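Enquirer: Coordinates in work.cif, mmCIF, C-alpha atoms, are listed below.
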data_input
loop_
_atom_site.group_PDB
_atom_site.id
_atom_site.type_symbol
_atom_site.label_atom_id
_atom_site.label_comp_id
_atom_site.auth_asym_id
_atom_site.auth_seq_id
_atom_site.Cartn_x
_atom_site.Cartn_y
_atom_site.Cartn_z
ATOM 1 C CA MET A 8 17.021 -26.886 -7.753
ATOM 2 C CA ASP A 9 19.994 -27.408 -10.061
ATOM 3 C CA THR A 10 23.612 -27.052 -9.035
ATOM 4 C CA ILE A 11 24.587 -23.425 -8.402
ATOM 5 C CA SER A 12 27.759 -22.226 -10.112
ATOM 6 C CA LEU A 13 30.292 -20.008 -8.366
ATOM 7 C CA TRP A 14 29.328 -16.907 -10.323
ATOM 8 C CA GLN A 15 25.630 -17.507 -9.634
ATOM 9 C CA LEU A 16 26.411 -17.837 -5.936
ATOM 10 C CA ALA A 17 28.317 -14.541 -6.088
ATOM 11 C CA VAL A 18 25.362 -12.807 -7.748
ATOM 12 C CA LEU A 19 22.971 -14.193 -5.120
ATOM 13 C CA ALA A 20 25.344 -13.046 -2.361
ATOM 14 C CA ALA A 21 25.329 -9.509 -3.795
ATOM 15 C CA ALA A 22 21.534 -9.605 -3.965
ATOM 16 C CA SER A 23 21.434 -10.755 -0.329
ATOM 17 C CA THR A 24 23.595 -7.780 0.638
ATOM 18 C CA LEU A 25 21.110 -5.550 -1.160
ATOM 19 C CA VAL A 26 18.323 -7.135 0.913
ATOM 20 C CA GLY A 27 20.064 -5.936 4.078
ATOM 21 C CA PHE A 28 20.573 -2.466 2.591
ATOM 22 C CA SER A 29 16.949 -2.216 1.489
ATOM 23 C CA LYS A 30 15.650 -3.184 4.944
ATOM 24 C CA THR A 31 17.541 -0.369 6.689
ATOM 25 C CA ALA A 32 17.651 2.300 3.974
ATOM 26 C CA VAL A 33 15.612 2.088 0.749
ATOM 27 C CA SER A 34 12.845 -0.498 0.870
ATOM 28 C CA GLY A 35 12.033 -0.352 -2.849
ATOM 29 C CA ALA A 36 15.558 -1.477 -3.713
ATOM 30 C CA ASN A 37 14.569 -4.937 -2.524
ATOM 31 C CA THR A 38 12.700 -5.415 -5.807
ATOM 32 C CA ILE A 39 16.036 -5.648 -7.574
ATOM 33 C CA SER A 40 17.042 -8.493 -5.256
ATOM 34 C CA LEU A 41 13.931 -10.535 -5.963
ATOM 35 C CA ALA A 42 14.423 -9.948 -9.700
ATOM 36 C CA VAL A 43 18.017 -11.231 -9.399
ATOM 37 C CA PHE A 44 16.914 -14.318 -7.473
ATOM 38 C CA ALA A 45 14.186 -14.986 -10.052
ATOM 39 C CA ALA A 46 16.746 -14.649 -12.862
ATOM 40 C CA VAL A 47 19.347 -16.976 -11.323
ATOM 41 C CA LEU A 48 16.912 -19.555 -9.896
ATOM 42 C CA PRO A 49 13.551 -20.836 -11.149
ATOM 43 C CA ALA A 50 11.018 -18.142 -10.216
ATOM 44 C CA ARG A 51 8.909 -20.356 -7.950
ATOM 45 C CA GLU A 52 11.891 -21.845 -6.126
ATOM 46 C CA SER A 53 13.528 -18.436 -5.754
ATOM 47 C CA THR A 54 10.702 -17.284 -3.478
ATOM 48 C CA GLY A 55 11.419 -20.077 -1.008
ATOM 49 C CA VAL A 56 15.149 -19.348 -0.968
ATOM 50 C CA LEU A 57 14.638 -15.622 -0.550
ATOM 51 C CA LEU A 58 12.110 -15.752 2.303
ATOM 52 C CA PRO A 59 14.534 -16.689 5.149
ATOM 53 C CA ILE A 60 16.962 -14.038 3.889
ATOM 54 C CA LEU A 61 14.201 -11.441 4.016
ATOM 55 C CA ILE A 62 13.295 -12.500 7.545
ATOM 56 C CA ALA A 63 16.934 -12.042 8.601
ATOM 57 C CA GLY A 64 16.848 -8.539 7.122
ATOM 58 C CA ASP A 65 13.539 -7.842 8.873
ATOM 59 C CA LEU A 66 15.038 -8.793 12.235
ATOM 60 C CA LEU A 67 17.930 -6.400 11.702
ATOM 61 C CA ALA A 68 15.582 -3.610 10.600
ATOM 62 C CA VAL A 69 13.317 -4.085 13.624
ATOM 63 C CA ARG A 70 16.331 -3.942 15.906
ATOM 64 C CA VAL A 71 17.299 -0.556 14.437
ATOM 65 C CA TYR A 72 13.878 1.075 13.834
ATOM 66 C CA ARG A 73 11.547 -0.726 16.281
ATOM 67 C CA ARG A 74 10.576 2.508 18.077
ATOM 68 C CA HIS A 75 9.410 4.283 14.933
ATOM 69 C CA ALA A 76 6.555 2.012 13.875
ATOM 70 C CA HIS A 77 3.045 3.421 13.481
ATOM 71 C CA TRP A 78 0.893 0.604 14.883
ATOM 72 C CA PRO A 79 -2.549 1.996 13.925
ATOM 73 C CA THR A 80 -1.465 1.739 10.290
ATOM 74 C CA LEU A 81 -0.209 -1.815 10.794
ATOM 75 C CA LEU A 82 -3.424 -2.944 12.469
ATOM 76 C CA ARG A 83 -5.448 -1.379 9.666
ATOM 77 C CA LEU A 84 -3.424 -3.272 7.026
ATOM 78 C CA PHE A 85 -3.167 -6.781 8.472
ATOM 79 C CA PRO A 86 -6.727 -8.058 7.777
ATOM 80 C CA ALA A 87 -6.471 -7.108 4.094
ATOM 81 C CA VAL A 88 -2.964 -8.544 3.885
ATOM 82 C CA ALA A 89 -4.243 -11.883 5.206
ATOM 83 C CA VAL A 90 -6.762 -11.996 2.357
ATOM 84 C CA GLY A 91 -3.979 -11.274 -0.115
ATOM 85 C CA VAL A 92 -1.729 -13.999 1.310
ATOM 86 C CA VAL A 93 -4.494 -16.600 0.972
ATOM 87 C CA ALA A 94 -5.175 -15.459 -2.607
ATOM 88 C CA GLY A 95 -1.454 -15.626 -3.379
ATOM 89 C CA THR A 96 -1.239 -19.152 -1.973
ATOM 90 C CA LEU A 97 -4.088 -20.284 -4.222
ATOM 91 C CA PHE A 98 -2.422 -18.603 -7.200
ATOM 92 C CA MET A 99 0.855 -20.426 -6.498
ATOM 93 C CA LEU A 100 -0.911 -23.789 -6.640
ATOM 94 C CA TRP A 101 -1.203 -23.501 -10.425
ATOM 95 C CA ALA A 102 1.043 -20.638 -11.598
ATOM 96 C CA ASP A 103 4.244 -21.400 -13.487
ATOM 97 C CA ASP A 104 7.432 -19.309 -13.489
ATOM 98 C CA ALA A 105 6.355 -17.119 -16.413
ATOM 99 C CA ALA A 106 2.997 -16.344 -14.803
ATOM 100 C CA VAL A 107 4.677 -15.408 -11.518
ATOM 101 C CA ARG A 108 7.158 -13.024 -13.141
ATOM 102 C CA THR A 109 4.676 -11.363 -15.489
ATOM 103 C CA SER A 110 1.929 -10.843 -12.896
ATOM 104 C CA ILE A 111 4.229 -9.328 -10.289
ATOM 105 C CA GLY A 112 6.023 -7.048 -12.751
ATOM 106 C CA ALA A 113 2.712 -5.763 -14.089
ATOM 107 C CA ILE A 114 1.326 -5.150 -10.596
ATOM 108 C CA LEU A 115 4.412 -3.194 -9.534
ATOM 109 C CA LEU A 116 4.275 -0.903 -12.555
ATOM 110 C CA PHE A 117 0.528 -0.390 -12.150
ATOM 111 C CA MET A 118 0.890 0.480 -8.465
ATOM 112 C CA THR A 119 3.664 2.935 -9.258
ATOM 113 C CA GLY A 120 1.375 4.732 -11.671
ATOM 114 C CA VAL A 121 -1.440 4.810 -9.105
ATOM 115 C CA THR A 122 0.873 6.164 -6.408
ATOM 116 C CA LEU A 123 2.279 8.923 -8.629
ATOM 117 C CA TRP A 124 -1.275 9.908 -9.539
ATOM 118 C CA ARG A 125 -2.333 9.970 -5.852
ATOM 119 C CA ARG A 126 0.694 12.053 -4.897
ATOM 120 C CA ARG A 127 -0.072 14.559 -7.640
ATOM 121 C CA ILE A 128 -3.660 14.915 -6.411
ATOM 122 C CA ALA A 129 -2.434 15.347 -2.821
ATOM 123 C CA GLU A 130 0.033 18.058 -3.890
ATOM 124 C CA GLN A 131 -2.723 19.939 -5.710
ATOM 125 C CA GLU A 132 -4.938 19.772 -2.623
ATOM 126 C CA ALA A 133 -2.066 20.941 -0.416
ATOM 127 C CA GLU A 134 -1.650 24.042 -2.551
ATOM 128 C CA THR A 135 -5.219 25.125 -1.809
ATOM 129 C CA GLU A 136 -5.401 24.217 1.891
ATOM 130 C CA THR A 137 -3.095 25.835 4.417
ATOM 131 C CA GLY A 138 -1.349 23.244 6.528
ATOM 132 C CA ALA A 139 -2.747 20.353 4.500
ATOM 133 C CA GLY A 140 -0.568 17.641 2.990
ATOM 134 C CA ALA A 141 1.034 14.402 4.010
ATOM 135 C CA ASP A 142 4.275 15.731 5.491
ATOM 136 C CA SER A 143 2.922 16.660 8.917
ATOM 137 C CA GLY A 144 4.168 14.306 11.616
ATOM 138 C CA GLY A 145 7.801 13.259 11.425
ATOM 139 C CA GLU A 146 7.206 9.691 12.563
ATOM 140 C CA GLY A 147 4.519 9.207 9.985
ATOM 141 C CA GLY A 148 0.837 8.504 10.300
ATOM 142 C CA ALA A 149 -1.543 7.875 7.458
ATOM 143 C CA GLY A 150 -2.462 11.079 5.759
ATOM 144 C CA GLY A 151 -2.793 12.724 2.390
ATOM 145 C CA GLY A 152 -6.240 11.270 1.817
ATOM 146 C CA THR A 153 -5.072 7.687 2.237
ATOM 147 C CA GLY A 154 -7.942 6.073 4.163
ATOM 148 C CA ARG A 155 -9.358 2.660 4.857
ATOM 149 C CA THR A 156 -10.258 1.945 1.232
ATOM 150 C CA ALA A 157 -6.691 2.576 0.103
ATOM 151 C CA ALA A 158 -5.366 0.526 3.014
ATOM 152 C CA ARG A 159 -7.531 -2.422 2.000
ATOM 153 C CA GLY A 160 -6.478 -2.187 -1.642
ATOM 154 C CA TYR A 161 -2.773 -1.890 -0.923
ATOM 155 C CA GLY A 162 -3.064 -4.523 1.817
ATOM 156 C CA VAL A 163 -4.606 -7.160 -0.460
ATOM 157 C CA LEU A 164 -2.067 -6.424 -3.196
ATOM 158 C CA GLY A 165 0.759 -6.417 -0.671
ATOM 159 C CA GLY A 166 -0.305 -9.782 0.733
ATOM 160 C CA PHE A 167 -0.747 -11.274 -2.727
ATOM 161 C CA THR A 168 2.579 -10.056 -4.099
ATOM 162 C CA THR A 169 4.538 -10.950 -0.986
ATOM 163 C CA MET A 170 3.159 -14.514 -1.083
ATOM 164 C CA VAL A 171 3.677 -14.995 -4.810
ATOM 165 C CA ALA A 172 7.168 -13.548 -5.204
ATOM 166 C CA ASN A 173 8.209 -11.765 -1.996
ATOM 167 C CA ALA A 174 7.372 -8.572 -3.866
ATOM 168 C CA GLY A 175 5.207 -6.950 -1.219
ATOM 169 C CA GLY A 176 7.941 -4.457 -0.322
ATOM 170 C CA PRO A 177 7.408 -2.128 -3.280
ATOM 171 C CA VAL A 178 3.617 -2.242 -2.895
ATOM 172 C CA MET A 179 3.790 -1.344 0.777
ATOM 173 C CA SER A 180 6.494 1.241 0.109
ATOM 174 C CA LEU A 181 4.165 2.957 -2.327
ATOM 175 C CA TYR A 182 1.358 2.857 0.251
ATOM 176 C CA LEU A 183 3.517 4.336 3.006
ATOM 177 C CA LEU A 184 4.791 7.062 0.682
ATOM 178 C CA SER A 185 1.264 7.933 -0.413
ATOM 179 C CA ALA A 186 0.231 8.002 3.257
ATOM 180 C CA GLY A 187 2.880 10.625 3.976
ATOM 181 C CA PHE A 188 5.382 8.666 6.055
ATOM 182 C CA ARG A 189 8.771 10.260 6.598
ATOM 183 C CA LYS A 190 11.954 8.191 6.571
ATOM 184 C CA LEU A 191 12.030 6.886 10.140
ATOM 185 C CA GLY A 192 8.292 6.240 10.359
ATOM 186 C CA PHE A 193 8.456 4.610 6.931
ATOM 187 C CA LEU A 194 11.306 2.300 7.899
ATOM 188 C CA GLY A 195 9.983 1.433 11.360
ATOM 189 C CA THR A 196 6.469 0.628 10.163
ATOM 190 C CA SER A 197 7.824 -1.317 7.196
ATOM 191 C CA ALA A 198 10.232 -3.293 9.400
ATOM 192 C CA TRP A 199 7.559 -4.556 11.791
ATOM 193 C CA PHE A 200 5.086 -5.158 8.981
ATOM 194 C CA PHE A 201 7.366 -7.434 6.998
ATOM 195 C CA LEU A 202 8.788 -9.262 9.995
ATOM 196 C CA ILE A 203 5.261 -10.279 11.030
ATOM 197 C CA VAL A 204 4.048 -11.010 7.495
ATOM 198 C CA ASN A 205 7.133 -12.913 6.346
ATOM 199 C CA VAL A 206 7.203 -15.122 9.429
ATOM 200 C CA SER A 207 3.505 -15.889 8.933
ATOM 201 C CA LYS A 208 4.249 -16.946 5.329
ATOM 202 C CA VAL A 209 6.673 -19.702 6.343
ATOM 203 C CA PRO A 210 4.022 -22.427 6.906
ATOM 204 C CA PHE A 211 2.391 -21.608 3.548
ATOM 205 C CA SER A 212 5.757 -21.736 1.759
ATOM 206 C CA VAL A 213 6.641 -25.066 3.375
ATOM 207 C CA GLY A 214 3.245 -26.456 2.422
ATOM 208 C CA LEU A 215 3.754 -25.374 -1.197
ATOM 209 C CA GLY A 216 7.192 -27.019 -1.246
ATOM 210 C CA LEU A 217 8.974 -23.694 -1.718
ATOM 211 C CA ILE A 218 11.084 -24.154 1.430
ATOM 212 C CA ASP A 219 12.896 -27.471 1.812
ATOM 213 C CA ALA A 220 16.277 -28.821 2.888
ATOM 214 C CA ARG A 221 17.994 -27.734 -0.326
ATOM 215 C CA SER A 222 16.706 -24.169 -0.171
ATOM 216 C CA LEU A 223 17.721 -23.880 3.481
ATOM 217 C CA LEU A 224 21.217 -25.109 2.645
ATOM 218 C CA LEU A 225 21.589 -22.320 0.102
ATOM 219 C CA ASP A 226 20.200 -19.850 2.640
ATOM 220 C CA ALA A 227 22.907 -20.902 5.089
ATOM 221 C CA CYS A 228 25.504 -19.751 2.551
ATOM 222 C CA LEU A 229 23.797 -16.414 1.893
ATOM 223 C CA LEU A 230 22.562 -15.179 5.270
ATOM 224 C CA LEU A 231 25.924 -13.743 6.342
ATOM 225 C CA PHE A 232 25.830 -11.298 3.437
ATOM 226 C CA VAL A 233 22.690 -9.609 4.793
ATOM 227 C CA LEU A 234 24.509 -8.075 7.777
ATOM 228 C CA PRO A 235 26.996 -5.815 5.910
ATOM 229 C CA GLY A 236 24.174 -4.592 3.685
ATOM 230 C CA ALA A 237 22.066 -3.674 6.707
ATOM 231 C CA TYR A 238 24.980 -1.843 8.300
ATOM 232 C CA LEU A 239 25.661 0.104 5.106
ATOM 233 C CA GLY A 240 21.999 1.054 4.848
ATOM 234 C CA ARG A 241 21.917 2.326 8.433
ATOM 235 C CA VAL A 242 24.980 4.475 7.763
ATOM 236 C CA CYS A 243 23.533 5.909 4.565
ATOM 237 C CA VAL A 244 19.906 6.508 5.545
ATOM 238 C CA ASP A 245 20.556 9.691 7.564
ATOM 239 C CA ARG A 246 22.390 11.179 4.596
ATOM 240 C CA ILE A 247 19.568 10.650 2.102
ATOM 241 C CA ASN A 248 17.354 13.666 1.440
ATOM 242 C CA GLN A 249 13.601 12.974 1.821
ATOM 243 C CA LYS A 250 12.800 13.842 -1.805
ATOM 244 C CA VAL A 251 15.724 11.756 -3.005
ATOM 245 C CA PHE A 252 14.531 8.933 -0.729
ATOM 246 C CA ASP A 253 11.052 9.016 -2.316
ATOM 247 C CA ARG A 254 12.483 9.066 -5.836
ATOM 248 C CA ILE A 255 14.843 6.169 -5.131
ATOM 249 C CA VAL A 256 11.984 4.059 -3.768
ATOM 250 C CA ILE A 257 9.784 4.771 -6.796
ATOM 251 C CA GLY A 258 12.675 4.369 -9.248
ATOM 252 C CA ALA A 259 13.721 1.047 -7.732
ATOM 253 C CA THR A 260 10.136 -0.166 -7.930
ATOM 254 C CA VAL A 261 9.868 0.699 -11.625
ATOM 255 C CA ALA A 262 13.244 -0.894 -12.366
ATOM 256 C CA GLY A 263 12.321 -4.065 -10.530
ATOM 257 C CA GLY A 264 8.945 -4.304 -12.242
ATOM 258 C CA LEU A 265 10.522 -3.902 -15.673
ATOM 259 C CA GLN A 266 13.148 -6.508 -14.862
ATOM 260 C CA LEU A 267 10.490 -9.042 -13.923
ATOM 261 C CA LEU A 268 8.601 -8.400 -17.160
ATOM 262 C CA LEU A 269 11.724 -8.664 -19.316
ATOM 263 C CA ILE A 270 13.368 -11.712 -17.738
#
How would this structure read if it were set down as structure tokens?

Expert:
Amino acid sequence: MDTISLWQLAVLAAASTLVGFSKTAVSGANTISLAVFAAVLPARESTGVLLPILIAGDLLAVRVYRRHAHWPTLLRLFPAVAVGVVAGTLFMLWADDAAVRTSIGAILLFMTGVTLWRRRIAEQEAETETGAGADSGGEGGAGGGTGRTAARGYGVLGGFTTMVANAGGPVMSLYLLSAGFRKLGFLGTSAWFFLIVNVSKVPFSVGLGLIDARSLLLDACLLLFVLPGAYLGRVCVDRINQKVFDRIVIGATVAGGLQLLLI
């Protein structure tokens, strides 16, 4: 890792603040942070630097939303996620920076298209069935036709993208939206999911050489910026309309995917 200039450090600090905000307010916004880290640092090395910062944000999010998690959904996802993490680890053994950026950006845009298509189908079905639709249940359980097959698909992709570039957030955000989770259920389930998954990734990242003494030194400079972002997100989340929330998540995912493809 080359020497970091002052302006680069400032940009990474702002991205770290956005990590905190995304963990307590708009999960999809985290894609912008990973794109910033990949732009300032080499793409492979950026994943190792970003992981401890994400874990710090996960801890804050769990503290705030721990009671709102939907554990049946989490238990359904974890086996598929494990497969994705192993696949991502194998991919990282040979992938260079360009391959990492291009593959993740393409996956994010593809998953956005799939999710929009699924939501359109669900809305059409809701129009013909009284009481049907994904919005029943304020805390959020899987619904809207999102079953085990979808959980496996999103789980594998989520595990793969989170291992390769810490980009599992948008994939899982799209899954939770398609499953009909409301804000609190969305945030609580997402918080526990990523705390468990990101902590489990640490040994793999160390083994791949993505986390070392130099990356941890940079993390020590950036971790403090996560806290104000998390606080700001907690203040803002209750003021965000559900439809606006969904659009922000999807919009942030598209923006992040495009950034990764264009870097």

Enquirer: Check which residues satisfy the PyMOL selection byres ((chain A and resi 263) around 12) in the file shown, then give them as a PDB file with C-alpha atoms, in the frame of the given file.

Expert:
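result-v7.pdb, freshly written:
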ATOM      1  CA  SER A  34      12.845  -0.498   0.870  1.00  0.00           C
ATOM      2  CA  GLY A  35      12.033  -0.352  -2.849  1.00  0.00           C
ATOM      3  CA  ALA A  36      15.558  -1.477  -3.713  1.00  0.00           C
ATOM      4  CA  ASN A  37      14.569  -4.937  -2.524  1.00  0.00           C
ATOM      5  CA  THR A  38      12.700  -5.415  -5.807  1.00  0.00           C
ATOM      6  CA  ILE A  39      16.036  -5.648  -7.574  1.00  0.00           C
ATOM      7  CA  SER A  40      17.042  -8.493  -5.256  1.00  0.00           C
ATOM      8  CA  LEU A  41      13.931 -10.535  -5.963  1.00  0.00           C
ATOM      9  CA  ALA A  42      14.423  -9.948  -9.700  1.00  0.00           C
ATOM     10  CA  VAL A  43      18.017 -11.231  -9.399  1.00  0.00           C
ATOM     11  CA  PHE A  44      16.914 -14.318  -7.473  1.00  0.00           C
ATOM     12  CA  ALA A  45      14.186 -14.986 -10.052  1.00  0.00           C
ATOM     13  CA  ALA A  46      16.746 -14.649 -12.862  1.00  0.00           C
ATOM     14  CA  ARG A 108       7.158 -13.024 -13.141  1.00  0.00           C
ATOM     15  CA  THR A 109       4.676 -11.363 -15.489  1.00  0.00           C
ATOM     16  CA  ILE A 111       4.229  -9.328 -10.289  1.00  0.00           C
ATOM     17  CA  GLY A 112       6.023  -7.048 -12.751  1.00  0.00           C
ATOM     18  CA  ALA A 113       2.712  -5.763 -14.089  1.00  0.00           C
ATOM     19  CA  ILE A 114       1.326  -5.150 -10.596  1.00  0.00           C
ATOM     20  CA  LEU A 115       4.412  -3.194  -9.534  1.00  0.00           C
ATOM     21  CA  LEU A 116       4.275  -0.903 -12.555  1.00  0.00           C
ATOM     22  CA  THR A 119       3.664   2.935  -9.258  1.00  0.00           C
ATOM     23  CA  ALA A 174       7.372  -8.572  -3.866  1.00  0.00           C
ATOM     24  CA  GLY A 176       7.941  -4.457  -0.322  1.00  0.00           C
ATOM     25  CA  PRO A 177       7.408  -2.128  -3.280  1.00  0.00           C
ATOM     26  CA  VAL A 178       3.617  -2.242  -2.895  1.00  0.00           C
ATOM     27  CA  ILE A 255      14.843   6.169  -5.131  1.00  0.00           C
ATOM     28  CA  VAL A 256      11.984   4.059  -3.768  1.00  0.00           C
ATOM     29  CA  ILE A 257       9.784   4.771  -6.796  1.00  0.00           C
ATOM     30  CA  GLY A 258      12.675   4.369  -9.248  1.00  0.00           C
ATOM     31  CA  ALA A 259      13.721   1.047  -7.732  1.00  0.00           C
ATOM     32  CA  THR A 260      10.136  -0.166  -7.930  1.00  0.00           C
ATOM     33  CA  VAL A 261       9.868   0.699 -11.625  1.00  0.00           C
ATOM     34  CA  ALA A 262      13.244  -0.894 -12.366  1.00  0.00           C
ATOM     35  CA  GLY A 264       8.945  -4.304 -12.242  1.00  0.00           C
ATOM     36  CA  LEU A 265      10.522  -3.902 -15.673  1.00  0.00           C
ATOM     37  CA  GLN A 266      13.148  -6.508 -14.862  1.00  0.00           C
ATOM     38  CA  LEU A 267      10.490  -9.042 -13.923  1.00  0.00           C
ATOM     39  CA  LEU A 268       8.601  -8.400 -17.160  1.00  0.00           C
ATOM     40  CA  LEU A 269      11.724  -8.664 -19.316  1.00  0.00           C
ATOM     41  CA  ILE A 270      13.368 -11.712 -17.738  1.00  0.00           C
TER      42      ILE A 270
END

Enquirer: Please, what distance in Å, to one decimal, runs between CA of Ser185 (chain A) and CA of Val121 (chain A)?

Expert: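 Computing the Euclidean distance for CA of Ser185 (chain A) and CA of Val121 (chain A) yields 9.6 Å.
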
Enquirer: A:Leu184, A:Glu132, A:Ala227, A:Leu234: which is nearest Pro59 (chain A), counting all atoms listed in the file?

Expert: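 Among the listed residues, A:Ala227 lies closest to Pro59 (chain A).
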
Enquirer: Please evaluate the PyMOL selection byres ((chain A and resi 84) around 9) against the structure above and give the resulting residues as a PyMOL selection string.

Expert: chain A and resi 79-83+85-89+155+158-159+161-163+200

Enquirer: Evaluate the PyMOL selection byres ((chain A and resi 235) around 10) here and jot the selected residues down as an mmCIF file with C-alpha atoms, in the coordinates of the input.

Expert:
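Okay, this is what ended up in result13.cif:
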data_model
loop_
_atom_site.group_PDB
_atom_site.id
_atom_site.type_symbol
_atom_site.label_atom_id
_atom_site.label_comp_id
_atom_site.auth_asym_id
_atom_site.auth_seq_id
_atom_site.Cartn_x
_atom_site.Cartn_y
_atom_site.Cartn_z
ATOM 1 C CA SER A 23 21.434 -10.755 -0.329
ATOM 2 C CA THR A 24 23.595 -7.780 0.638
ATOM 3 C CA LEU A 25 21.110 -5.550 -1.160
ATOM 4 C CA GLY A 27 20.064 -5.936 4.078
ATOM 5 C CA PHE A 28 20.573 -2.466 2.591
ATOM 6 C CA LEU A 231 25.924 -13.743 6.342
ATOM 7 C CA PHE A 232 25.830 -11.298 3.437
ATOM 8 C CA VAL A 233 22.690 -9.609 4.793
ATOM 9 C CA LEU A 234 24.509 -8.075 7.777
ATOM 10 C CA GLY A 236 24.174 -4.592 3.685
ATOM 11 C CA ALA A 237 22.066 -3.674 6.707
ATOM 12 C CA TYR A 238 24.980 -1.843 8.300
ATOM 13 C CA LEU A 239 25.661 0.104 5.106
ATOM 14 C CA GLY A 240 21.999 1.054 4.848
ATOM 15 C CA ARG A 241 21.917 2.326 8.433
#

Enquirer: Enter the distance from CA of Leu194 (chain A) to CA of Gly166 (chain A), in Å, rounded to one decimal.

Expert: 18.2 Å

Enquirer: CA of Val26 (chain A) and CA of Leu66 (chain A) are how many Å apart?

Expert: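 CA of Leu66 (chain A) lies at a distance of 11.9 Å from CA of Val26 (chain A).
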
Enquirer: Which residues, written as a list in words, have at least one atom at most 10 Å from Arg70 (chain A), with only C-alpha atoms counted and residues fewer than 5 positions away on the same chain left out?

Expert: Thr31, Gly64, Asp65, Gly195, Ala198 and Trp199 of chain A

Enquirer: Given all atoms listed in the file as the basis, pick out the residue of A:Val18, A:Val47, A:Leu100, A:His75 nearest to Ser212 (chain A).

Expert: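 Closest to Ser212 (chain A), using all atoms listed in the file: A:Leu100.
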
Enquirer: Using all atoms of region 251-256 of chain A that appear in the file, construct an axis-aligned enclosing box with 3 Å of padding on every side and provide its centre coordinates and edge lengths in Å, rounded to one decimal, as JSON.

Expert:
{"center_x": 13.4, "center_y": 7.9, "center_z": -3.3, "size_x": 10.7, "size_y": 13.7, "size_z": 11.1}

Enquirer: For the point (-3.4, -10.2, -6.1) in the file's frame, write as a PyMOL selection string all residues with an atom no more than 7 Å away, counting only C-alpha atoms.

Expert: chain A and resi 91+94-95+163-164+167-168

Enquirer: Limit the output to N, CA and C atoms and give region 105-118 of chain A as a PDB file, in the first residue's frame.

Expert:
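Output (decode.pdb):
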ATOM      1  N   ALA A 105      -8.792  -4.995 -11.839  1.00  0.00           N
ATOM      2  CA  ALA A 105      -9.779  -4.739 -12.887  1.00  0.00           C
ATOM      3  C   ALA A 105     -10.885  -5.781 -12.865  1.00  0.00           C
ATOM      4  N   ALA A 106     -10.506  -7.039 -12.661  1.00  0.00           N
ATOM      5  CA  ALA A 106     -11.504  -8.118 -12.620  1.00  0.00           C
ATOM      6  C   ALA A 106     -12.435  -7.955 -11.433  1.00  0.00           C
ATOM      7  N   VAL A 107     -11.901  -7.547 -10.287  1.00  0.00           N
ATOM      8  CA  VAL A 107     -12.719  -7.329  -9.098  1.00  0.00           C
ATOM      9  C   VAL A 107     -13.746  -6.235  -9.351  1.00  0.00           C
ATOM     10  N   ARG A 108     -13.288  -5.083  -9.851  1.00  0.00           N
ATOM     11  CA  ARG A 108     -14.198  -3.958 -10.061  1.00  0.00           C
ATOM     12  C   ARG A 108     -15.274  -4.286 -11.087  1.00  0.00           C
ATOM     13  N   THR A 109     -14.866  -4.844 -12.209  1.00  0.00           N
ATOM     14  CA  THR A 109     -15.820  -5.115 -13.296  1.00  0.00           C
ATOM     15  C   THR A 109     -16.860  -6.153 -12.886  1.00  0.00           C
ATOM     16  N   SER A 110     -16.433  -7.225 -12.240  1.00  0.00           N
ATOM     17  CA  SER A 110     -17.375  -8.292 -11.873  1.00  0.00           C
ATOM     18  C   SER A 110     -18.397  -7.801 -10.854  1.00  0.00           C
ATOM     19  N   ILE A 111     -17.954  -7.056  -9.867  1.00  0.00           N
ATOM     20  CA  ILE A 111     -18.888  -6.584  -8.845  1.00  0.00           C
ATOM     21  C   ILE A 111     -19.848  -5.556  -9.413  1.00  0.00           C
ATOM     22  N   GLY A 112     -19.352  -4.616 -10.202  1.00  0.00           N
ATOM     23  CA  GLY A 112     -20.238  -3.618 -10.809  1.00  0.00           C
ATOM     24  C   GLY A 112     -21.301  -4.261 -11.681  1.00  0.00           C
ATOM     25  N   ALA A 113     -20.911  -5.256 -12.465  1.00  0.00           N
ATOM     26  CA  ALA A 113     -21.862  -5.935 -13.338  1.00  0.00           C
ATOM     27  C   ALA A 113     -22.907  -6.690 -12.529  1.00  0.00           C
ATOM     28  N   ILE A 114     -22.473  -7.358 -11.462  1.00  0.00           N
ATOM     29  CA  ILE A 114     -23.413  -8.110 -10.625  1.00  0.00           C
ATOM     30  C   ILE A 114     -24.431  -7.184  -9.979  1.00  0.00           C
ATOM     31  N   LEU A 115     -23.972  -6.039  -9.480  1.00  0.00           N
ATOM     32  CA  LEU A 115     -24.891  -5.102  -8.825  1.00  0.00           C
ATOM     33  C   LEU A 115     -25.957  -4.594  -9.784  1.00  0.00           C
ATOM     34  N   LEU A 116     -25.554  -4.241 -10.992  1.00  0.00           N
ATOM     35  CA  LEU A 116     -26.522  -3.740 -11.967  1.00  0.00           C
ATOM     36  C   LEU A 116     -27.489  -4.845 -12.390  1.00  0.00           C
ATOM     37  N   PHE A 117     -26.974  -6.053 -12.561  1.00  0.00           N
ATOM     38  CA  PHE A 117     -27.835  -7.179 -12.924  1.00  0.00           C
ATOM     39  C   PHE A 117     -28.864  -7.454 -11.836  1.00  0.00           C
ATOM     40  N   MET A 118     -28.416  -7.457 -10.569  1.00  0.00           N
ATOM     41  CA  MET A 118     -29.326  -7.740  -9.471  1.00  0.00           C
ATOM     42  C   MET A 118     -30.365  -6.640  -9.300  1.00  0.00           C
TER      43      MET A 118
END
